[in-house]
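K.L.:
Structure incoming, see below.
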Amino acid sequence: MKYDFNAVVQRNNTYSLKWDPIFLEDVFGRSDVLPLWVADMDFKCPQPVIDAIIDRAKHGIFGYVFREHNYNNAVIRWNKRRHNWDVKEDWLVYTLGIVTAVNQCVQVFCKPGDKVIIQNPVYYPFGEAILNNGCQIVHNQLIKKDNKYIMDFEGLNKKVKDPYVKMIILCNPHNPVGRIWSRDELIKLGNICIENNVIIVSDEIHRDLTFKGHKHIPFASISDKFAQNSITCTAPSKTFNIAGLKTSNIIIPNERLRKNYTQQLRRNSIEFANIFGIEALIAAYNHGEEWLENVLEYLESNVEFIDEFIKANIPNVTFIKPEGTYLGWLDFRNITEDINKLDNILINKAKVALDSGHWFGEGGEGFARINFACPREILESAMTRIQKAIG
Ligand SMILES: Cc1ncc(COP(=O)(O)O)c(C=O)c1O
């Protein structure tokens, strides 16, 4: 492996949301917790990305920038090469981030009072985006079957019949349960939604992070009908650990949907780019593939480590092995079903900062999400702390 992902890189005093003691104190009530929560990696990003940013910094002028063909071509080629999806240049719309994009979608495609479906437990900013924009959440909870999550199609079929339901936010790969939805599952979901005039916002931010034996399928790549009724949210941010550069690409094949979305960007004046984000994306998509293959190998070995550790040392905890992402979903319900007790065990006894399962909505109680994109030393320390706290 060319890159050394075992190296521990200090992140203190870098304004890191994940590591900063002030932020940890605010969220967990103490600053001395080992952080394996916020979804970024504790690894340096690919060297070509670092070099591109340094080169740009040396230029010394940081005026306004826009994204042109070079940038677009890097995005288009990446979609073709990694996901076998032919994306046209004029389908591309930009945004600072995917949470911004999801909020925008609710603002543009729903009216206050309308309803939006999410499949909880799911990334919690989805629910916040719905409520913060005056809409209502419709929960279509995932079903846990044989230690794997599946979609509740029967529930979905009923819920889309409500005329106030205008949109579904699909998370693929799914944060936090780690599923990469199959073609059949996506086709079923797409047909149910489109027959009932429900737009699909497909958050595919984790799409490049897939493990052996699993393939991500872009929802919109399945058919023209799916493409015309969906908005796909993509970014290099999770893939290459560059979330702080705030550079994402929204893919909207339908002209009317795209026009409405773009108008909203202008209304908020957020259509322009981040200078370092442009350089980083181009370098990452054009020269970051070797790093990505290496990091995937390392992440997959961390999955095996957690699995073996739990089986050997804390067998009353269940690990739902992810098919992709760097987020693991741990089931502590054999230890306690009480969310406060579980928080207390993890935060005050184990002194680890994980995302509490209940943050992800119904079905998340008694679970916790662990971010395993860290050197093995940190992961091992966290798992040992959890083991000791459970006793
Ligand atoms: C499913 C999902 N969507 C969006 C985001 C955040 O995206 P952004 O930083 O581009 O707003 C995350 C980050 O964890 C995520 O897991």
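We label chains A, B, ... in the order they appear in the structure tokens, count residues from 1 in each chain, and number ligands from 1 in the order shown.
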Excluding Ala280 in chain A and its own-chain neighbours fewer than 4 positions away, which residues fall within 8 Å of it when counting only C-alpha atoms? Please give them as a ChimeraX atom specification.
P.N.:
/A:49-50,52-53,242,276,284
K.L.:
Restrict the selected residues to C-alpha atoms and save them as a CSV table (one decimal), in the first residue's frame.
P.N.:
```csv
chain,number,residue,atom,x,y,z
A,49,VAL,CA,-5.0,17.0,-4.1
A,50,ILE,CA,-2.6,18.5,-1.5
A,52,ALA,CA,-3.0,21.1,-6.4
A,53,ILE,CA,-4.1,23.2,-3.4
A,242,ILE,CA,-12.2,17.0,1.4
A,276,PHE,CA,-9.6,25.4,-3.6
A,284,ALA,CA,-9.0,14.0,-6.9
```
K.L.:
Which of range 128-227 of chain A counts as alpha helix (DSSP H) under DSSP, as a ChimeraX atom specification please?
P.N.:
/A:128-132,153-159,183-195,224-227
K.L.:
Determine which residues of range 6-138 of chain A receive a DSSP assignment of strand (DSSP E), computed from the backbone, and state them as a ChimeraX atom specification.
P.N.:
/A:34-35,92-95,115-118,136-138
K.L.:
Restricting it to N, CA, C and O atoms, dump the selection as an mmCIF file, in the first residue's frame.
P.N.:
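File produced: again_7.cif:
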```cif
data_model
loop_
_atom_site.group_PDB
_atom_site.id
_atom_site.type_symbol
_atom_site.label_atom_id
_atom_site.label_comp_id
_atom_site.auth_asym_id
_atom_site.auth_seq_id
_atom_site.Cartn_x
_atom_site.Cartn_y
_atom_site.Cartn_z
ATOM 1 N N LEU A 34 -12.893 10.193 22.967
ATOM 2 C CA LEU A 34 -12.199 9.856 21.713
ATOM 3 C C LEU A 34 -13.223 9.938 20.581
ATOM 4 O O LEU A 34 -14.216 9.203 20.584
ATOM 5 N N PRO A 35 -13.002 10.847 19.608
ATOM 6 C CA PRO A 35 -14.080 11.101 18.638
ATOM 7 C C PRO A 35 -14.084 10.167 17.419
ATOM 8 O O PRO A 35 -13.149 10.175 16.623
ATOM 9 N N LEU A 92 -25.330 19.327 -14.945
ATOM 10 C CA LEU A 92 -24.588 19.606 -13.707
ATOM 11 C C LEU A 92 -24.970 20.950 -13.098
ATOM 12 O O LEU A 92 -24.977 21.968 -13.768
ATOM 13 N N VAL A 93 -25.280 20.895 -11.827
ATOM 14 C CA VAL A 93 -25.526 22.107 -11.057
ATOM 15 C C VAL A 93 -24.636 21.980 -9.825
ATOM 16 O O VAL A 93 -24.343 20.878 -9.382
ATOM 17 N N TYR A 94 -24.220 23.113 -9.287
ATOM 18 C CA TYR A 94 -23.257 23.033 -8.191
ATOM 19 C C TYR A 94 -23.890 23.455 -6.895
ATOM 20 O O TYR A 94 -24.885 24.142 -6.857
ATOM 21 N N THR A 95 -23.235 23.064 -5.841
ATOM 22 C CA THR A 95 -23.678 23.522 -4.541
ATOM 23 C C THR A 95 -22.532 23.405 -3.562
ATOM 24 O O THR A 95 -21.552 22.715 -3.816
ATOM 25 N N LYS A 115 -45.526 16.962 2.454
ATOM 26 C CA LYS A 115 -44.860 15.884 3.201
ATOM 27 C C LYS A 115 -43.718 15.272 2.389
ATOM 28 O O LYS A 115 -43.795 15.167 1.165
ATOM 29 N N VAL A 116 -42.691 14.857 3.119
ATOM 30 C CA VAL A 116 -41.511 14.244 2.496
ATOM 31 C C VAL A 116 -41.203 12.930 3.226
ATOM 32 O O VAL A 116 -41.172 12.899 4.454
ATOM 33 N N ILE A 117 -40.977 11.880 2.441
ATOM 34 C CA ILE A 117 -40.692 10.569 3.044
ATOM 35 C C ILE A 117 -39.197 10.397 3.269
ATOM 36 O O ILE A 117 -38.383 10.727 2.399
ATOM 37 N N ILE A 118 -38.858 9.880 4.446
ATOM 38 C CA ILE A 118 -37.479 9.421 4.692
ATOM 39 C C ILE A 118 -37.547 8.006 5.256
ATOM 40 O O ILE A 118 -38.567 7.607 5.822
ATOM 41 N N GLN A 136 -43.582 18.404 6.439
ATOM 42 C CA GLN A 136 -43.781 17.352 7.442
ATOM 43 C C GLN A 136 -43.017 16.092 7.030
ATOM 44 O O GLN A 136 -42.963 15.763 5.839
ATOM 45 N N ILE A 137 -42.526 15.394 8.054
ATOM 46 C CA ILE A 137 -41.781 14.155 7.779
ATOM 47 C C ILE A 137 -42.757 12.985 7.758
ATOM 48 O O ILE A 137 -43.613 12.866 8.630
ATOM 49 N N VAL A 138 -42.622 12.127 6.755
ATOM 50 C CA VAL A 138 -43.331 10.841 6.768
ATOM 51 C C VAL A 138 -42.253 9.767 6.933
ATOM 52 O O VAL A 138 -41.341 9.660 6.112
#
```
K.L.:
With a distance cut-off of 10 Å and only C-alpha atoms, select the neighbouring residues of Met383 in chain A, excluding the residue or stretch itself and same-chain residues fewer than 2 positions from it, and output the selection as a tab-separated table (two decimals) with N, CA and C atoms, in the first residue's frame.
P.N.:
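The resulting file, out02.tsv, is shown below:
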```tsv
chain	number	residue	atom	x	y	z
A	305	PHE	N	-11.80	-5.87	11.42
A	305	PHE	CA	-11.28	-5.73	12.79
A	305	PHE	C	-12.44	-5.56	13.78
A	306	ILE	N	-13.38	-4.67	13.47
A	306	ILE	CA	-14.51	-4.43	14.40
A	306	ILE	C	-15.30	-5.73	14.57
A	309	PHE	N	-13.35	-8.20	16.68
A	309	PHE	CA	-13.22	-7.71	18.05
A	309	PHE	C	-14.53	-7.93	18.80
A	310	ILE	N	-15.61	-7.59	18.17
A	310	ILE	CA	-16.91	-7.71	18.84
A	310	ILE	C	-17.24	-9.18	19.11
A	313	ASN	N	-14.89	-10.28	21.99
A	313	ASN	CA	-14.83	-9.59	23.29
A	313	ASN	C	-16.15	-9.03	23.81
A	314	ILE	N	-17.04	-8.65	22.93
A	314	ILE	CA	-18.33	-8.11	23.40
A	314	ILE	C	-19.47	-8.74	22.57
A	350	ALA	N	-17.06	4.79	28.72
A	350	ALA	CA	-16.06	4.43	27.69
A	350	ALA	C	-15.27	5.65	27.22
A	352	VAL	N	-15.99	7.57	24.66
A	352	VAL	CA	-15.91	7.64	23.20
A	352	VAL	C	-17.08	8.49	22.70
A	370	ILE	N	-20.55	4.24	14.50
A	370	ILE	CA	-19.11	4.45	14.68
A	370	ILE	C	-18.47	4.79	13.34
A	378	ILE	N	-6.40	4.07	16.76
A	378	ILE	CA	-7.53	4.81	17.35
A	378	ILE	C	-8.75	3.89	17.46
A	379	LEU	N	-8.97	3.13	16.41
A	379	LEU	CA	-10.13	2.23	16.40
A	379	LEU	C	-10.01	1.19	17.52
A	380	GLU	N	-8.82	0.64	17.66
A	380	GLU	CA	-8.60	-0.38	18.68
A	380	GLU	C	-8.80	0.21	20.07
A	381	SER	N	-8.31	1.42	20.25
A	381	SER	CA	-8.47	2.09	21.54
A	381	SER	C	-9.96	2.29	21.84
A	385	ARG	N	-12.08	0.57	24.89
A	385	ARG	CA	-12.80	1.40	25.87
A	385	ARG	C	-14.25	0.93	25.99
A	386	ILE	N	-14.87	0.63	24.85
A	386	ILE	CA	-16.27	0.18	24.87
A	386	ILE	C	-16.37	-1.16	25.60
A	387	GLN	N	-15.45	-2.05	25.30
A	387	GLN	CA	-15.44	-3.37	25.94
A	387	GLN	C	-15.33	-3.21	27.46
A	388	LYS	N	-14.42	-2.38	27.91
A	388	LYS	CA	-14.21	-2.22	29.36
A	388	LYS	C	-15.44	-1.60	30.01
A	389	ALA	N	-16.05	-0.62	29.30
A	389	ALA	CA	-17.22	0.05	29.88
A	389	ALA	C	-18.39	-0.90	30.03
```
K.L.:
Please return as an MDAnalysis selection string the residues found within 8 Å of ligand 1, counting only C-alpha atoms and all ligand atoms.
P.N.:
chainID A and resid 38:40 96:101 122:123 125 171:176 203:206 235 237:238 243:244 246:248
K.L.:
Enumerate, in order of chain and increasing residue number, the residues of range 79-174 of chain A with an atom no farther than 10 Å from range 255-259 of chain A, each with its shortest atom pair and distance in Å to one decimal, counting only C-alpha atoms, as JSON lines.
P.N.:
```
{"residue": "A:Asp90", "atom": "CA", "partner": "A:Glu255", "partner_atom": "CA", "distance": 9.1}
{"residue": "A:Trp91", "atom": "CA", "partner": "A:Arg258", "partner_atom": "CA", "distance": 7.5}
{"residue": "A:Leu92", "atom": "CA", "partner": "A:Arg258", "partner_atom": "CA", "distance": 8.7}
{"residue": "A:Val93", "atom": "CA", "partner": "A:Arg258", "partner_atom": "CA", "distance": 7.7}
{"residue": "A:Cys105", "atom": "CA", "partner": "A:Leu257", "partner_atom": "CA", "distance": 9.6}
{"residue": "A:Val108", "atom": "CA", "partner": "A:Leu257", "partner_atom": "CA", "distance": 8.8}
{"residue": "A:Phe109", "atom": "CA", "partner": "A:Leu257", "partner_atom": "CA", "distance": 8.3}
```
K.L.:
Write a file of the selected residues as an mmCIF file, in the first residue's frame, keeping N, CA and C atoms.
P.N.:
```
data_model
loop_
_atom_site.group_PDB
_atom_site.id
_atom_site.type_symbol
_atom_site.label_atom_id
_atom_site.label_comp_id
_atom_site.auth_asym_id
_atom_site.auth_seq_id
_atom_site.Cartn_x
_atom_site.Cartn_y
_atom_site.Cartn_z
ATOM 1 N N ASP A 90 -24.699 19.708 -19.336
ATOM 2 C CA ASP A 90 -25.715 20.682 -18.890
ATOM 3 C C ASP A 90 -26.619 20.144 -17.772
ATOM 4 N N TRP A 91 -26.428 18.906 -17.357
ATOM 5 C CA TRP A 91 -27.190 18.402 -16.201
ATOM 6 C C TRP A 91 -26.565 18.836 -14.871
ATOM 7 N N LEU A 92 -25.330 19.327 -14.945
ATOM 8 C CA LEU A 92 -24.588 19.606 -13.707
ATOM 9 C C LEU A 92 -24.970 20.950 -13.098
ATOM 10 N N VAL A 93 -25.280 20.895 -11.827
ATOM 11 C CA VAL A 93 -25.526 22.107 -11.057
ATOM 12 C C VAL A 93 -24.636 21.980 -9.825
ATOM 13 N N CYS A 105 -33.812 21.451 -2.221
ATOM 14 C CA CYS A 105 -34.825 20.614 -2.883
ATOM 15 C C CYS A 105 -36.157 20.737 -2.162
ATOM 16 N N VAL A 108 -37.656 24.087 -3.040
ATOM 17 C CA VAL A 108 -38.062 24.288 -4.433
ATOM 18 C C VAL A 108 -39.218 23.368 -4.835
ATOM 19 N N PHE A 109 -39.158 22.130 -4.398
ATOM 20 C CA PHE A 109 -40.114 21.148 -4.917
ATOM 21 C C PHE A 109 -41.279 20.861 -3.967
#
```
K.L.:
Contacts of Val9 in chain A at 8 Å or less, counting only C-alpha atoms, minus same-chain residues fewer than 6 places along, as a list in words?
P.N.:
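These residues fall inside the cut-off: Asp42, Phe43 and Lys44 of chain A.
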K.L.:
Using the selection just defined, write its residues with N, CA and C atoms as a PDB file, in the first residue's frame.
P.N.:
```
ATOM      1  N   ASP A  42      -9.817  10.477   9.373  1.00  0.00           N
ATOM      2  CA  ASP A  42      -8.613  10.957  10.043  1.00  0.00           C
ATOM      3  C   ASP A  42      -7.372  10.637   9.207  1.00  0.00           C
ATOM      4  N   PHE A  43      -7.552  10.573   7.888  1.00  0.00           N
ATOM      5  CA  PHE A  43      -6.432  10.294   6.983  1.00  0.00           C
ATOM      6  C   PHE A  43      -6.156  11.531   6.133  1.00  0.00           C
ATOM      7  N   LYS A  44      -4.876  11.716   5.781  1.00  0.00           N
ATOM      8  CA  LYS A  44      -4.550  12.784   4.819  1.00  0.00           C
ATOM      9  C   LYS A  44      -5.148  12.418   3.469  1.00  0.00           C
TER      10      LYS A  44
END
```
K.L.:
Determine the nearest neighbour of Trp359 in chain A from the options A:Asn120, A:Gln228, A:Ser221, A:Asn6, counting only C-alpha atoms.
P.N.:
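That would be A:Asn120, the residue with the smallest distance to Trp359 in chain A.
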K.L.:
From the list A:Leu296, A:Leu330, A:Val303, A:Ile222, which residue is nearest Ser182 in chain A when using only C-alpha atoms?
P.N.:
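Comparing A:Leu296, A:Leu330, A:Val303, A:Ile222 against Ser182 in chain A, the winner is A:Ile222.
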K.L.:
Using only C-alpha atoms, which protein or nucleic acid residues come within 9 Å of His214 in chain A? Drop anything in the same chain fewer than 2 positions from it, and give the result as a list in words.
P.N.:
Ile180, Ser182, Thr210, Phe211, Lys212, His216, Glu323 and Gly324 of chain A
K.L.:
Grab the residues selected above and save them as a PDB file, in the first residue's frame with C-alpha atoms.
P.N.:
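Resulting contents of out-v1.pdb:
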```
ATOM      1  CA  ILE A 180     -25.948  -0.225  -0.976  1.00  0.00           C
ATOM      2  CA  SER A 182     -29.649  -3.210  -5.258  1.00  0.00           C
ATOM      3  CA  THR A 210     -18.162   0.474  -1.715  1.00  0.00           C
ATOM      4  CA  PHE A 211     -16.697  -2.794  -0.497  1.00  0.00           C
ATOM      5  CA  LYS A 212     -15.868  -5.949  -2.439  1.00  0.00           C
ATOM      6  CA  HIS A 216     -23.384   1.224  -6.315  1.00  0.00           C
ATOM      7  CA  GLU A 323     -21.597  -2.871   2.370  1.00  0.00           C
ATOM      8  CA  GLY A 324     -19.929   0.517   1.897  1.00  0.00           C
TER       9      GLY A 324
END
```
K.L.:
How many Å separate CA of Lys159 in chain A from CA of Ser223 in chain A?
P.N.:
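So the two atoms, CA of Lys159 in chain A and CA of Ser223 in chain A, lie 23.6 Å apart.
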K.L.:
Please compute the CA of Lys158 in chain A-CA of Pro218 in chain A distance, one decimal, in Å.
P.N.:
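Interatomic distance here is 25.1 Å.
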K.L.:
Pick the closest to Asp4 in chain A from A:Gly288, A:Pro236, A:Pro322, A:Pro46: which is it, counting only C-alpha atoms?
P.N.:
A:Pro46
K.L.:
Choose the residue, out of A:Arg333, A:Ala353, A:Phe272, A:Tyr3, that has the smallest atom-to-atom separation from Asp26 in chain A; count only C-alpha atoms.
P.N.:
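Ranking A:Arg333, A:Ala353, A:Phe272, A:Tyr3 by distance to Asp26 in chain A, first place goes to A:Ala353.
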K.L.:
Can you tell me, as a compact mmCIF listing (two decimals) with all heavy atoms, in the first residue's frame, what residues are no more than 12 Å from Asn340 in chain A when counting only C-alpha atoms, ignoring any on the same chain fewer than 5 positions away?
P.N.:
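Generated output (part.txt):
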```txt
# COMPACT_ATOMS: atom_id res chain seq x y z
N ILE A 345 -23.10 5.10 29.14
CA ILE A 345 -22.05 4.07 29.04
C ILE A 345 -20.99 4.51 28.04
O ILE A 345 -19.78 4.46 28.31
CB ILE A 345 -22.66 2.70 28.59
CG1 ILE A 345 -23.56 2.13 29.68
CG2 ILE A 345 -21.56 1.71 28.21
CD1 ILE A 345 -24.36 0.90 29.24
N LEU A 346 -21.43 4.98 26.87
CA LEU A 346 -20.47 5.30 25.81
C LEU A 346 -19.69 6.59 26.10
O LEU A 346 -18.48 6.63 25.94
CB LEU A 346 -21.19 5.39 24.46
CG LEU A 346 -21.79 4.07 23.96
CD1 LEU A 346 -22.64 4.28 22.72
CD2 LEU A 346 -20.70 3.04 23.67
N ILE A 347 -20.42 7.60 26.57
CA ILE A 347 -19.75 8.91 26.74
C ILE A 347 -18.98 8.96 28.07
O ILE A 347 -17.81 9.32 28.10
CB ILE A 347 -20.78 10.07 26.68
CG1 ILE A 347 -21.49 10.07 25.32
CG2 ILE A 347 -20.11 11.41 26.95
CD1 ILE A 347 -22.74 10.93 25.26
N ASN A 348 -19.66 8.60 29.15
CA ASN A 348 -19.02 8.82 30.46
C ASN A 348 -18.18 7.65 30.95
O ASN A 348 -17.22 7.85 31.69
CB ASN A 348 -20.10 9.17 31.49
CG ASN A 348 -20.78 10.48 31.13
OD1 ASN A 348 -20.11 11.41 30.67
ND2 ASN A 348 -22.10 10.55 31.27
N SER A 356 -25.16 8.95 18.54
CA SER A 356 -26.21 8.17 19.21
C SER A 356 -27.23 7.72 18.19
O SER A 356 -27.67 8.52 17.35
CB SER A 356 -26.93 9.02 20.25
OG SER A 356 -26.04 9.37 21.26
N GLY A 357 -27.64 6.46 18.30
CA GLY A 357 -28.59 5.91 17.34
C GLY A 357 -29.89 6.67 17.25
O GLY A 357 -30.46 6.85 16.17
N HIS A 358 -30.34 7.20 18.41
CA HIS A 358 -31.65 7.88 18.39
C HIS A 358 -31.62 9.18 17.62
O HIS A 358 -32.66 9.70 17.21
CB HIS A 358 -32.20 8.06 19.82
CG HIS A 358 -31.33 8.90 20.72
ND1 HIS A 358 -31.51 10.24 20.87
CD2 HIS A 358 -30.29 8.57 21.51
CE1 HIS A 358 -30.60 10.71 21.72
NE2 HIS A 358 -29.85 9.71 22.12
N GLU A 365 -32.96 3.81 18.28
CA GLU A 365 -32.77 3.73 19.74
C GLU A 365 -32.05 2.44 20.10
O GLU A 365 -32.41 1.36 19.62
CB GLU A 365 -34.13 3.77 20.47
CG GLU A 365 -35.01 4.95 20.09
CD GLU A 365 -35.89 4.71 18.86
OE1 GLU A 365 -35.70 3.68 18.17
OE2 GLU A 365 -36.76 5.55 18.60
N GLY A 366 -31.05 2.56 20.95
CA GLY A 366 -30.30 1.35 21.36
C GLY A 366 -29.14 1.04 20.42
O GLY A 366 -28.44 0.04 20.62
N PHE A 367 -28.94 1.89 19.42
CA PHE A 367 -27.83 1.70 18.47
C PHE A 367 -26.85 2.88 18.61
O PHE A 367 -27.18 3.91 19.22
CB PHE A 367 -28.33 1.70 17.03
CG PHE A 367 -29.14 0.48 16.65
CD1 PHE A 367 -30.46 0.35 17.06
CD2 PHE A 367 -28.58 -0.53 15.87
CE1 PHE A 367 -31.21 -0.77 16.71
CE2 PHE A 367 -29.33 -1.64 15.51
CZ PHE A 367 -30.64 -1.76 15.93
```
K.L.:
Name the closest residue to Lys321 in chain A among the candidates A:Tyr261, A:Phe226, A:Tyr285, A:Tyr149; distances are taken between atoms, counting only C-alpha atoms.
P.N.:
A:Tyr149
K.L.:
Could you tell me which of A:Lys166, A:Ala312, A:Glu297, A:Ile61 comes closest to Glu195 in chain A if we count only C-alpha atoms?
P.N.:
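Among the listed residues, A:Lys166 lies closest to Glu195 in chain A.
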